[in-house]
file query-v1.txt (compact mmCIF, C-alpha atoms and all ligand atoms)
# COMPACT_ATOMS: atom_id res chain seq x y z
CA MET Q 1 42.03 -81.20 48.33
CA GLU Q 2 40.60 -81.76 44.89
CA LYS Q 3 43.56 -83.94 43.88
CA LYS Q 4 43.29 -86.00 47.06
CA MET Q 5 39.58 -86.42 46.46
CA LEU Q 6 40.12 -87.69 42.94
CA GLU Q 7 42.77 -90.13 44.16
CA LYS Q 8 40.36 -91.38 46.79
CA PHE Q 9 37.54 -91.59 44.27
CA ASN Q 10 39.68 -93.72 41.96
CA GLU Q 11 40.77 -95.91 44.84
CA VAL Q 12 37.26 -96.44 46.20
CA TYR Q 13 35.22 -96.66 42.98
CA GLY Q 14 37.79 -97.32 40.24
CA GLU Q 15 39.16 -94.96 37.59
CA GLY Q 16 37.70 -93.59 34.40
CA GLY Q 17 34.43 -92.26 33.05
CA ASP Q 18 32.80 -88.87 33.46
CA ILE Q 19 33.66 -87.76 36.99
CA ARG Q 20 32.26 -84.34 37.90
CA GLU Q 21 33.02 -82.05 40.79
CA TYR Q 22 30.84 -79.69 42.81
CA PHE Q 23 30.98 -77.44 45.86
CA ALA Q 24 28.27 -76.13 48.18
CA PRO Q 25 29.08 -73.75 51.06
CA GLY Q 26 28.00 -73.57 54.67
CA ARG Q 27 26.57 -70.31 55.97
CA VAL Q 28 26.69 -67.87 58.81
CA ASN Q 29 23.68 -65.75 59.61
CA LEU Q 30 24.55 -62.15 60.52
CA ILE Q 31 21.10 -61.27 61.89
CA GLY Q 32 17.49 -62.44 61.55
CA GLU Q 33 17.36 -65.57 63.67
CA HIS Q 34 14.32 -67.82 63.97
CA THR Q 35 12.45 -65.51 61.63
CA ASP Q 36 12.56 -67.71 58.53
CA TYR Q 37 9.62 -69.88 59.56
CA ASN Q 38 7.73 -66.80 60.75
CA GLY Q 39 7.58 -65.09 57.37
CA GLY Q 40 10.29 -62.62 58.38
CA HIS Q 41 13.63 -61.52 57.00
CA VAL Q 42 17.04 -63.16 57.36
CA PHE Q 43 20.52 -61.92 56.49
CA PRO Q 44 22.90 -64.86 56.02
CA CYS Q 45 25.99 -65.20 53.89
CA ALA Q 46 27.68 -68.20 52.33
CA LEU Q 47 31.11 -69.15 53.63
CA THR Q 48 34.12 -70.31 51.68
CA LEU Q 49 33.94 -73.40 53.91
CA GLY Q 50 31.60 -76.10 52.68
CA THR Q 51 31.20 -79.54 51.17
CA TYR Q 52 32.92 -80.80 48.02
CA GLY Q 53 31.57 -83.71 46.02
CA LEU Q 54 32.79 -85.92 43.17
CA ALA Q 55 30.21 -87.94 41.30
CA ARG Q 56 29.95 -90.39 38.42
CA LYS Q 57 26.82 -92.00 37.08
CA ARG Q 58 26.58 -95.78 37.29
CA LYS Q 59 25.06 -98.26 34.88
CA ASP Q 60 22.93 -100.05 37.49
CA ARG Q 61 20.55 -98.70 40.15
CA LYS Q 62 23.07 -98.75 42.99
CA LEU Q 63 23.93 -95.71 45.08
CA ARG Q 64 27.37 -95.70 46.62
CA PHE Q 65 28.44 -93.06 49.11
CA TYR Q 66 31.82 -92.34 50.63
CA SER Q 67 32.70 -89.49 52.98
CA MET Q 68 36.35 -88.64 53.52
CA ASN Q 69 35.26 -87.21 56.88
CA PHE Q 70 33.96 -90.62 57.94
CA SER Q 71 36.38 -92.86 56.10
CA ARG Q 72 36.13 -95.52 58.81
CA LEU Q 73 32.55 -96.12 57.63
CA GLY Q 74 33.84 -97.10 54.19
CA VAL Q 75 31.42 -97.21 51.26
CA LEU Q 76 27.77 -97.00 52.30
CA GLU Q 77 25.67 -98.72 49.73
CA SER Q 78 22.04 -98.26 48.88
CA SER Q 79 19.88 -98.21 45.78
CA LEU Q 80 17.39 -96.04 43.94
CA ASP Q 81 14.77 -98.55 45.05
CA ASP Q 82 15.54 -97.86 48.69
CA LEU Q 83 14.99 -94.13 49.16
CA VAL Q 84 13.68 -94.36 52.72
CA PRO Q 85 15.27 -92.88 55.83
CA SER Q 86 16.99 -95.29 58.18
CA GLU Q 87 19.26 -95.04 61.16
CA LYS Q 88 21.93 -97.22 59.63
CA ALA Q 89 22.16 -94.96 56.58
CA GLY Q 90 23.75 -92.27 58.83
CA TRP Q 91 24.89 -89.22 56.90
CA THR Q 92 23.68 -90.68 53.58
CA ASN Q 93 20.12 -89.89 54.70
CA TYR Q 94 20.84 -86.36 53.45
CA PRO Q 95 21.74 -87.19 49.84
CA LYS Q 96 19.14 -89.95 49.78
CA GLY Q 97 16.55 -87.48 51.04
CA VAL Q 98 17.32 -85.12 48.19
CA MET Q 99 17.00 -87.94 45.65
CA TRP Q 100 13.68 -88.85 47.21
CA ALA Q 101 12.58 -85.19 47.01
CA PHE Q 102 13.52 -85.06 43.31
CA GLU Q 103 11.35 -88.13 42.73
CA LYS Q 104 8.50 -86.47 44.65
CA ARG Q 105 8.76 -83.63 42.15
CA GLY Q 106 8.38 -86.13 39.34
CA TYR Q 107 12.01 -86.59 38.31
CA THR Q 108 13.15 -90.18 37.98
CA PHE Q 109 16.69 -91.44 37.71
CA ASP Q 110 17.73 -93.87 35.00
CA ALA Q 111 20.82 -95.02 36.92
CA GLY Q 112 22.54 -94.77 40.28
CA VAL Q 113 25.66 -92.86 41.22
CA ASP Q 114 29.05 -93.14 42.90
CA PHE Q 115 29.35 -90.13 45.19
CA LEU Q 116 32.37 -89.09 47.26
CA ILE Q 117 32.32 -86.07 49.53
CA TYR Q 118 34.61 -84.09 51.75
CA GLY Q 119 33.51 -81.23 53.99
CA ASN Q 120 35.58 -78.64 55.84
CA ILE Q 121 32.76 -77.16 57.90
CA PRO Q 122 33.51 -78.07 61.52
CA ASN Q 123 31.18 -80.88 62.51
CA GLY Q 124 28.13 -80.00 64.60
CA SER Q 125 29.07 -76.32 64.61
CA GLY Q 126 25.71 -75.08 63.35
CA LEU Q 127 27.24 -73.66 60.19
CA SER Q 128 24.89 -75.72 58.03
CA SER Q 129 26.96 -78.66 56.94
CA SER Q 130 23.75 -80.62 56.33
CA ALA Q 131 22.17 -77.88 54.20
CA SER Q 132 25.39 -77.70 52.19
CA LEU Q 133 25.26 -81.45 51.62
CA GLU Q 134 21.64 -81.20 50.49
CA VAL Q 135 22.35 -78.39 48.06
CA LEU Q 136 25.49 -80.18 46.83
CA THR Q 137 23.45 -83.30 46.13
CA GLY Q 138 20.77 -81.29 44.36
CA LEU Q 139 23.32 -79.59 42.14
CA MET Q 140 25.00 -82.91 41.39
CA LEU Q 141 21.66 -84.47 40.39
CA LYS Q 142 20.63 -81.47 38.29
CA ASP Q 143 23.92 -81.54 36.40
CA LEU Q 144 24.59 -85.25 36.13
CA TYR Q 145 21.04 -86.19 35.12
CA GLY Q 146 20.45 -83.07 33.01
CA VAL Q 147 17.50 -81.60 34.92
CA GLU Q 148 18.00 -78.21 33.33
CA GLU Q 149 14.81 -76.42 34.35
CA LEU Q 150 15.63 -76.50 38.06
CA THR Q 151 17.05 -73.21 39.30
CA MET Q 152 19.41 -72.81 42.24
CA GLN Q 153 16.44 -71.53 44.20
CA ASP Q 154 14.55 -74.73 43.38
CA LEU Q 155 17.51 -76.70 44.72
CA ALA Q 156 17.28 -74.76 48.00
CA LEU Q 157 13.57 -75.57 48.26
CA ILE Q 158 14.15 -79.23 47.43
CA GLY Q 159 16.86 -79.37 50.10
CA GLN Q 160 14.53 -77.87 52.68
CA TYR Q 161 11.73 -80.21 51.63
CA SER Q 162 13.94 -83.23 52.07
CA GLU Q 163 15.22 -82.00 55.44
CA ASN Q 164 11.63 -81.45 56.63
CA ASN Q 165 10.05 -84.58 55.25
CA PHE Q 166 12.84 -87.13 54.99
CA ASN Q 167 15.10 -86.15 57.87
CA GLY Q 168 12.41 -84.87 60.23
CA MET Q 169 13.92 -81.48 61.01
CA ASN Q 170 11.30 -78.79 60.53
CA CYS Q 171 13.77 -76.08 59.45
CA GLY Q 172 13.02 -72.93 57.48
CA ILE Q 173 14.55 -71.98 54.13
CA MET Q 174 17.49 -69.86 55.30
CA ASP Q 175 20.33 -72.38 55.32
CA GLN Q 176 19.64 -74.05 51.98
CA PHE Q 177 18.94 -70.67 50.38
CA ALA Q 178 22.24 -69.24 51.58
CA SER Q 179 24.15 -72.29 50.37
CA ALA Q 180 22.50 -72.28 46.95
CA MET Q 181 22.29 -68.53 46.33
CA GLY Q 182 25.28 -67.04 48.16
CA LYS Q 183 27.46 -64.41 46.55
CA LYS Q 184 31.06 -63.48 47.31
CA ASP Q 185 31.40 -60.54 49.74
CA CYS Q 186 27.62 -60.16 50.02
CA ALA Q 187 24.98 -61.19 52.50
CA ILE Q 188 21.52 -62.13 51.29
CA PHE Q 189 18.64 -59.99 52.52
CA LEU Q 190 15.84 -62.49 52.07
CA ASP Q 191 12.16 -62.01 52.71
CA THR Q 192 11.12 -65.55 53.60
CA SER Q 193 7.44 -64.83 53.00
CA THR Q 194 7.96 -64.20 49.27
CA LEU Q 195 11.53 -65.44 48.66
CA GLU Q 196 12.31 -62.02 47.23
CA PHE Q 197 15.89 -61.19 48.00
CA GLU Q 198 18.63 -58.69 47.50
CA TYR Q 199 22.41 -59.00 47.75
CA ALA Q 200 23.90 -56.49 50.17
CA PRO Q 201 27.66 -55.97 49.99
CA VAL Q 202 29.26 -56.54 53.37
CA LYS Q 203 31.80 -53.76 53.42
CA LEU Q 204 33.29 -53.78 56.88
CA LYS Q 205 36.33 -51.72 55.88
CA ASP Q 206 38.59 -52.23 58.87
CA ALA Q 207 36.78 -55.19 60.46
CA ARG Q 208 36.35 -58.92 59.98
CA ILE Q 209 33.69 -61.52 60.64
CA VAL Q 210 34.89 -63.89 63.34
CA ILE Q 211 32.99 -67.09 64.11
CA THR Q 212 33.57 -68.65 67.51
CA ASN Q 213 32.69 -72.30 67.94
CA SER Q 214 31.62 -73.12 71.51
CA LYS Q 215 32.20 -76.81 70.72
CA VAL Q 216 29.01 -77.71 72.54
CA LYS Q 217 25.87 -79.06 70.98
CA HIS Q 218 23.15 -79.71 73.50
CA SER Q 219 20.86 -82.60 72.80
CA LEU Q 220 17.19 -82.15 71.93
CA VAL Q 221 18.16 -79.54 69.36
CA GLY Q 222 15.63 -80.84 66.87
CA SER Q 223 12.79 -81.13 69.34
CA ALA Q 224 13.45 -77.78 71.04
CA TYR Q 225 13.52 -76.19 67.58
CA ASN Q 226 10.22 -77.78 66.68
CA ASP Q 227 8.78 -76.60 70.07
CA ARG Q 228 9.71 -73.01 69.22
CA ARG Q 229 7.95 -73.33 65.90
CA ASN Q 230 4.82 -74.64 67.59
CA GLU Q 231 4.88 -71.85 70.17
CA CYS Q 232 5.08 -69.26 67.40
CA GLU Q 233 2.21 -70.94 65.57
CA THR Q 234 0.06 -70.87 68.70
CA ALA Q 235 0.78 -67.17 69.20
CA LEU Q 236 -0.02 -66.51 65.53
CA ARG Q 237 -3.38 -68.31 65.76
CA GLU Q 238 -4.37 -66.22 68.75
CA LEU Q 239 -3.25 -62.98 67.11
CA GLN Q 240 -5.22 -63.90 64.01
CA THR Q 241 -8.43 -63.56 66.03
CA VAL Q 242 -7.76 -59.80 66.20
CA VAL Q 243 -5.49 -58.94 63.24
CA ASP Q 244 -5.55 -60.07 59.65
CA ILE Q 245 -2.07 -61.56 59.20
CA LYS Q 246 -0.62 -64.74 57.72
CA ALA Q 247 2.68 -64.64 59.62
CA LEU Q 248 4.28 -62.92 62.61
CA GLY Q 249 6.69 -61.23 60.23
CA GLU Q 250 3.88 -58.97 59.00
CA LEU Q 251 3.64 -57.14 62.33
CA THR Q 252 5.52 -54.03 63.38
CA GLU Q 253 6.59 -53.74 67.00
CA GLU Q 254 3.75 -51.26 67.66
CA GLU Q 255 1.13 -53.58 66.19
CA PHE Q 256 2.48 -56.42 68.26
CA GLU Q 257 2.37 -54.37 71.46
CA ALA Q 258 -1.19 -53.32 70.72
CA HIS Q 259 -2.42 -56.88 70.31
CA LYS Q 260 -0.05 -59.06 72.32
CA ASP Q 261 -2.45 -59.54 75.25
CA VAL Q 262 -4.58 -61.82 73.14
CA ILE Q 263 -1.76 -64.39 73.42
CA THR Q 264 -2.69 -66.37 76.51
CA SER Q 265 0.58 -68.11 77.38
CA ASP Q 266 3.51 -66.03 78.64
CA ILE Q 267 5.93 -68.32 76.84
CA CYS Q 268 4.21 -68.03 73.48
CA ARG Q 269 3.99 -64.24 73.89
CA LYS Q 270 7.76 -64.04 74.46
CA ARG Q 271 8.47 -66.22 71.44
CA ALA Q 272 6.23 -64.10 69.22
CA LYS Q 273 7.80 -60.92 70.57
CA HIS Q 274 11.21 -62.17 69.50
CA ALA Q 275 9.96 -63.12 66.04
CA VAL Q 276 8.39 -59.69 65.48
CA TYR Q 277 11.22 -57.59 66.95
CA GLU Q 278 13.98 -59.66 65.34
CA ASN Q 279 12.41 -59.20 61.95
CA GLN Q 280 12.26 -55.43 62.39
CA ARG Q 281 15.84 -55.42 63.72
CA THR Q 282 16.96 -57.26 60.60
CA ILE Q 283 15.32 -54.73 58.30
CA ARG Q 284 16.97 -51.92 60.28
CA ALA Q 285 20.34 -53.65 60.36
CA VAL Q 286 20.45 -54.01 56.58
CA LYS Q 287 19.54 -50.35 56.20
CA ALA Q 288 22.34 -49.42 58.61
CA LEU Q 289 24.84 -51.53 56.69
CA LYS Q 290 23.84 -49.91 53.41
CA GLU Q 291 24.46 -46.53 55.04
CA ASN Q 292 27.88 -47.76 56.15
CA ASN Q 293 26.76 -47.51 59.77
CA VAL Q 294 28.55 -50.61 60.98
CA GLU Q 295 28.25 -49.50 64.63
CA GLU Q 296 24.46 -49.52 64.43
CA PHE Q 297 24.61 -52.91 62.73
CA GLY Q 298 26.66 -54.16 65.68
CA ARG Q 299 24.25 -52.75 68.25
CA LEU Q 300 21.40 -54.56 66.53
CA MET Q 301 23.40 -57.80 66.54
CA ASN Q 302 23.84 -57.41 70.30
CA ALA Q 303 20.13 -56.75 70.78
CA SER Q 304 19.40 -59.83 68.71
CA HIS Q 305 21.45 -61.89 71.13
CA VAL Q 306 19.63 -60.54 74.17
CA SER Q 307 16.30 -61.37 72.59
CA LEU Q 308 17.40 -64.90 71.61
CA ARG Q 309 18.73 -65.40 75.13
CA ASP Q 310 15.83 -63.99 77.14
CA ASP Q 311 12.71 -64.17 75.00
CA TYR Q 312 13.36 -66.99 72.57
CA GLU Q 313 15.53 -68.95 75.02
CA VAL Q 314 17.67 -70.73 72.47
CA SER Q 315 21.04 -69.75 73.90
CA CYS Q 316 22.94 -71.68 76.56
CA GLU Q 317 25.52 -70.98 79.24
CA GLU Q 318 28.56 -71.57 77.03
CA ILE Q 319 27.30 -69.32 74.26
CA ASP Q 320 26.36 -66.56 76.71
CA ILE Q 321 29.87 -66.72 78.15
CA LEU Q 322 31.36 -66.29 74.66
CA VAL Q 323 29.11 -63.34 73.89
CA ASP Q 324 29.67 -61.65 77.26
CA LEU Q 325 33.43 -61.99 76.83
CA ALA Q 326 33.25 -60.62 73.29
CA TRP Q 327 31.17 -57.60 74.33
CA LYS Q 328 33.89 -56.57 76.81
CA ILE Q 329 36.66 -56.41 74.23
CA PRO Q 330 37.40 -53.01 72.69
CA GLY Q 331 37.10 -53.24 68.92
CA VAL Q 332 34.19 -55.69 68.98
CA ILE Q 333 31.41 -54.04 67.00
CA GLY Q 334 28.79 -56.70 67.66
CA SER Q 335 28.49 -60.28 68.80
CA ARG Q 336 25.63 -62.76 68.98
CA ILE Q 337 24.63 -66.39 68.81
CA THR Q 338 24.11 -67.56 65.23
CA GLY Q 339 22.02 -70.37 63.76
CA GLY Q 340 19.51 -72.64 65.46
CA GLY Q 341 21.00 -72.33 68.95
CA PHE Q 342 21.52 -74.59 71.99
CA GLY Q 343 25.26 -74.47 71.39
CA GLY Q 344 27.09 -74.08 68.11
CA CYS Q 345 28.68 -70.77 67.21
CA THR Q 346 28.65 -67.05 67.81
CA VAL Q 347 29.29 -64.51 65.09
CA SER Q 348 31.18 -61.31 65.88
CA ILE Q 349 32.29 -58.30 63.91
CA VAL Q 350 35.73 -57.37 65.13
CA LYS Q 351 38.04 -54.52 64.13
CA ASN Q 352 41.12 -55.84 62.31
CA ASP Q 353 43.54 -54.66 64.96
CA ALA Q 354 41.48 -56.32 67.72
CA VAL Q 355 41.17 -59.77 66.11
CA ASP Q 356 44.28 -61.25 67.76
CA THR Q 357 43.33 -59.95 71.21
CA PHE Q 358 39.78 -61.17 70.66
CA ILE Q 359 40.95 -64.69 69.88
CA SER Q 360 43.47 -64.90 72.71
CA THR Q 361 41.32 -63.26 75.39
CA VAL Q 362 38.01 -64.92 74.58
CA GLY Q 363 39.87 -68.20 74.03
CA GLU Q 364 41.65 -68.10 77.37
CA LYS Q 365 38.71 -66.95 79.49
CA TYR Q 366 36.31 -69.35 77.82
CA LYS Q 367 38.58 -72.27 78.61
CA GLU Q 368 38.88 -71.11 82.21
CA ALA Q 369 35.11 -70.89 82.51
CA VAL Q 370 33.96 -74.08 80.77
CA GLY Q 371 37.01 -76.35 80.78
CA HIS Q 372 37.47 -76.82 77.06
CA GLU Q 373 38.72 -74.70 74.19
CA ALA Q 374 36.69 -72.73 71.71
CA GLU Q 375 37.64 -72.56 68.05
CA PHE Q 376 37.87 -69.38 65.99
CA TYR Q 377 37.41 -68.86 62.28
CA VAL Q 378 38.11 -65.51 60.67
CA VAL Q 379 35.93 -66.04 57.64
CA ASP Q 380 35.39 -64.76 54.13
CA ILE Q 381 32.06 -64.60 52.38
CA GLY Q 382 32.02 -66.90 49.38
CA ASP Q 383 29.82 -67.80 46.41
CA GLY Q 384 26.87 -70.17 46.48
CA ALA Q 385 26.98 -73.76 45.25
CA HIS Q 386 28.65 -74.34 41.90
CA LYS Q 387 30.21 -76.88 39.61
CA ILE Q 388 33.98 -76.95 39.61
CA ALA Q 389 35.46 -77.06 36.14
C1 LIG M 401 18.37 -73.42 61.76
C2 LIG M 401 17.34 -73.66 60.67
C3 LIG M 401 17.05 -72.37 59.91
C4 LIG M 401 16.72 -71.23 60.85
C5 LIG M 401 17.75 -71.14 61.97
C6 LIG M 401 17.38 -70.13 63.01
O1 LIG M 401 19.61 -73.10 61.19
O2 LIG M 401 17.79 -74.63 59.76
O3 LIG M 401 16.00 -72.58 58.98
O4 LIG M 401 15.42 -71.36 61.38
O5 LIG M 401 17.95 -72.37 62.61
O6 LIG M 401 17.40 -68.85 62.49

call {"tool": "encode", "arguments": {"input": "query-v1.txt", "output": "structure tokens"}}
result
Amino acid sequence: MEKKMLEKFNEVYGEGGDIREYFAPGRVNLIGEHTDYNGGHVFPCALTLGTYGLARKRKDRKLRFYSMNFSRLGVLESSLDDLVPSEKAGWTNYPKGVMWAFEKRGYTFDAGVDFLIYGNIPNGSGLSSSASLEVLTGLMLKDLYGVEELTMQDLALIGQYSENNFNGMNCGIMDQFASAMGKKDCAIFLDTSTLEFEYAPVKLKDARIVITNSKVKHSLVGSAYNDRRNECETALRELQTVVDIKALGELTEEEFEAHKDVITSDICRKRAKHAVYENQRTIRAVKALKENNVEEFGRLMNASHVSLRDDYEVSCEEIDILVDLAWKIPGVIGSRITGGGFGGCTVSIVKNDAVDTFISTVGEKYKEAVGHEAEFYVVDIGDGAHKIA
């Protein structure tokens, strides 16, 4: 790919100069869903799939963007003097947002850039292609403009800031953090209330991580996500009248049960219940994994799905079909929805010798049930964003 990208870069922007190359991965979250904006724990890992970028500084203030995934759009041009979101800017709102966020932090750019990207994360799959593009842009800016003091963690925070404030999606830190900080063969056990984290080796011995793409993305994703956040905030405010907490993630299940009646709306109580229980499940799941108890890890993944389906209500028919089918297959250790929800992907842990049956059986029955095919990716856990020499 890298050779093809360079050829394209030369064709689109002309040859020569200091062209640099970067990569930022997508992510899959193993457990800990919708906990990252509730001060809880998450357990994502970076994929080897992600977004590649080639960049060269310009002499003027122009910004030129080209995506090999959207080549029919050609070069999308903008300028450092036009860092405002707009509909016509399309996908370039992500890199522009990161540039804007750098400027908000007090970094200014002396010149524009020619930027060419190619991503191999399936579009709209919920595997964080946008977070990977944000982190990629951050890394490119840090390197190309020599902003040495920014750490990879800073780049994750800048990416999240731009997504929240430039692109209007009120996401938590998980996706950008996983893309920036990922480590080969490890998942990241991250406490989102402090950003303290630990790498936990994912040693599945005789099993693999299989991602199943439902190929549906229901509309209103952004607004339903923001609704969930608001519901959790309402529940938190009510709980704060009886317990001294800053976030739902501080509560144990017992504490929640003791105080939950102070939450007046049934809906908000269910949302908060998920946030509290999911956080505790995540802590337990990581402990189980460390003890090589993959079965317990799988059971907790399944429980996570039930909670996301019934209490948090971010699943959908297609995803529930995929999970129900997966649960019936011998050799499936655990299976659940992953990411923001309302479509997208499931993540399953499947014994090596069951992977083929898993793909053919779930594939066939899913098509029968919904009328279109699912896609399967047997994935590896890769490193976080980096420059390619
Ligand atoms: C999306 C958001 C994340 C996180 C997940 C749900 O991926 O970007 O911050 O909230 O949903 O766990």

call {"tool": "residues_near_ligand", "arguments": {"input": "query-v1.txt", "ligand": "ligand LIG 401 (chain M)", "cutoff": "9 Å", "atoms": "only C-alpha atoms and all ligand atoms", "output": "ChimeraX atom specification"}}
result
/Q:29,31-38,42,126-128,131,160,163,169-176,225,229,338-341

call {"tool": "residues_around", "arguments": {"input": "query-v1.txt", "residues": "segment 268-278 of chain Q", "least_positions_apart": "4", "cutoff": "9 Å", "atoms": "all atoms listed in the file", "output": "VMD selection string"}}
result
chain Q and resid 31 to 35 38 40 to 41 228 230 to 236 248 to 253 256 to 257 260 to 264 282 to 283 303 to 304 307 to 308 310 to 313

call {"tool": "residues_around", "arguments": {"input": "query-v1.txt", "residues": "Leu73 of chain Q", "least_positions_apart": "6", "cutoff": "12 Å", "atoms": "all atoms listed in the file", "output": "PyMOL selection string"}}
result
chain Q and resi 65-67+88-92

call {"tool": "closest_atom_pairs", "arguments": {"input": "query-v1.txt", "of": "segment 134-180 of chain Q", "to": "segment 3-21 of chain Q", "cutoff": "9 Å", "atoms": "all atoms listed in the file", "output": "Markdown table"}}
result
| residue | atom | partner | partner_atom | distance |
| --- | --- | --- | --- | --- |
| Q:Met140 | CA | Q:Glu21 | CA | 8.1 |
| Q:Asp143 | CA | Q:Arg20 | CA | 8.9 |
| Q:Leu144 | CA | Q:Arg20 | CA | 7.9 |

call {"tool": "residues_around", "arguments": {"input": "query-v1.txt", "residues": "segment 207-224 of chain Q", "least_positions_apart": "2", "cutoff": "6 Å", "atoms": "all atoms listed in the file", "output": "list of chain:residue names"}}
result
Q:Leu204, Q:Lys205, Q:Asn226, Q:Asp227, Q:Phe342, Q:Gly343, Q:Gly344, Q:Cys345, Q:Thr346, Q:Val347, Q:Ser348, Q:Ile349, Q:Val350, Q:Lys351, Q:Asn352, Q:Ala374, Q:Glu375, Q:Phe376, Q:Tyr377, Q:Val378, Q:Val379

call {"tool": "residues_near_point", "arguments": {"input": "query-v1.txt", "point": "(19.1, -87.0, 37.0)", "cutoff": "8 Å", "atoms": "all atoms listed in the file", "output": "compact mmCIF listing (two decimals) with C-alpha atoms, in the coordinates of the input"}}
result
# COMPACT_ATOMS: atom_id res chain seq x y z
CA TYR Q 107 12.01 -86.59 38.31
CA THR Q 108 13.15 -90.18 37.98
CA PHE Q 109 16.69 -91.44 37.71
CA ASP Q 110 17.73 -93.87 35.00
CA LEU Q 141 21.66 -84.47 40.39
CA LYS Q 142 20.63 -81.47 38.29
CA ASP Q 143 23.92 -81.54 36.40
CA LEU Q 144 24.59 -85.25 36.13
CA TYR Q 145 21.04 -86.19 35.12
CA GLY Q 146 20.45 -83.07 33.01
CA VAL Q 147 17.50 -81.60 34.92

call {"tool": "residues_near_point", "arguments": {"input": "query-v1.txt", "point": "(17.2, -50.3, 62.4)", "cutoff": "12 Å", "atoms": "all atoms listed in the file", "output": "list in words"}}
result
Ile31, Tyr277, Glu278, Asn279, Gln280, Arg281, Thr282, Ile283, Arg284, Ala285, Val286, Lys287, Ala288, Leu289, Lys290, Glu291, Asn293, Val294, Glu295, Glu296, Phe297, Gly298, Arg299, Leu300, Met301, Ala303 and Ser304 of chain Q

call {"tool": "residues_around", "arguments": {"input": "query-v1.txt", "residues": "Asp185 of chain Q", "least_positions_apart": "5", "cutoff": "7 Å", "atoms": "all atoms listed in the file", "output": "JSON, numbers by chain"}}
result
{"Q": [201, 202, 381, 382]}

call {"tool": "atom_distance", "arguments": {"input": "query-v1.txt", "atom1": "atom CA of Lys184 of chain Q", "atom2": "atom CA of Asp353 of chain Q"}}
result
23.3 Å

call {"tool": "atom_distance", "arguments": {"input": "query-v1.txt", "atom1": "atom CA of Ser132 of chain Q", "atom2": "atom CA of Ala24 of chain Q"}}
result
5.2 Å

call {"tool": "residues_around", "arguments": {"input": "query-v1.txt", "residues": "Pro95 of chain Q", "least_positions_apart": "2", "cutoff": "12 Å", "atoms": "all atoms listed in the file", "output": "PyMOL selection string"}}
result
chain Q and resi 53+63-67+76+78-80+83-85+89-93+97-102+113-117+130-141+158-159+162-163+166-167

call {"tool": "atom_distance", "arguments": {"input": "query-v1.txt", "atom1": "atom CA of Val242 of chain Q", "atom2": "atom CA of His259 of chain Q"}}
result
7.3 Å

call {"tool": "closest_residue", "arguments": {"input": "query-v1.txt", "among": "Q:Ala354, Q:Leu150, Q:Ala369, Q:Ile337", "to": "Val314 of chain Q", "atoms": "only C-alpha atoms"}}
result
Q:Ile337

call {"tool": "closest_residue", "arguments": {"input": "query-v1.txt", "among": "Q:Ala385, Q:Val355, Q:Leu195, Q:Ala46", "to": "Arg27 of chain Q", "atoms": "only C-alpha atoms"}}
result
Q:Ala46

call {"tool": "closest_residue", "arguments": {"input": "query-v1.txt", "among": "Q:Gly168, Q:Ser265, Q:Asn123, Q:Asp320", "to": "Glu238 of chain Q", "atoms": "only C-alpha atoms"}}
result
Q:Ser265

call {"tool": "build_atoms", "arguments": {"input": "query-v1.txt", "residues": "segment 119-129 of chain Q", "atoms": "N, CA and C atoms", "output": "short mmCIF file (atom, residue, chain, number, x, y, z; two decimals), in the frame of the given file"}}
result
data_model
loop_
_atom_site.label_atom_id
_atom_site.label_comp_id
_atom_site.auth_asym_id
_atom_site.auth_seq_id
_atom_site.Cartn_x
_atom_site.Cartn_y
_atom_site.Cartn_z
N GLY Q 119 33.98 -82.52 53.49
CA GLY Q 119 33.51 -81.23 53.99
C GLY Q 119 34.52 -80.62 54.95
N ASN Q 120 34.69 -79.29 54.88
CA ASN Q 120 35.58 -78.64 55.84
C ASN Q 120 34.84 -77.69 56.79
N ILE Q 121 33.52 -77.87 56.88
CA ILE Q 121 32.76 -77.16 57.90
C ILE Q 121 32.91 -77.96 59.19
N PRO Q 122 33.35 -77.31 60.28
CA PRO Q 122 33.51 -78.07 61.52
C PRO Q 122 32.20 -78.79 61.91
N ASN Q 123 32.34 -80.04 62.22
CA ASN Q 123 31.18 -80.88 62.51
C ASN Q 123 30.33 -80.38 63.68
N GLY Q 124 29.03 -80.36 63.50
CA GLY Q 124 28.13 -80.00 64.60
C GLY Q 124 28.25 -78.56 65.04
N SER Q 125 28.82 -77.70 64.19
CA SER Q 125 29.07 -76.32 64.61
C SER Q 125 27.86 -75.42 64.36
N GLY Q 126 26.85 -75.93 63.66
CA GLY Q 126 25.71 -75.08 63.35
C GLY Q 126 25.98 -74.14 62.19
N LEU Q 127 26.95 -74.49 61.36
CA LEU Q 127 27.24 -73.66 60.19
C LEU Q 127 26.68 -74.32 58.92
N SER Q 128 25.68 -75.15 59.14
CA SER Q 128 24.89 -75.72 58.03
C SER Q 128 25.63 -76.70 57.14
N SER Q 129 26.34 -77.62 57.77
CA SER Q 129 26.96 -78.66 56.94
C SER Q 129 25.89 -79.53 56.28
#
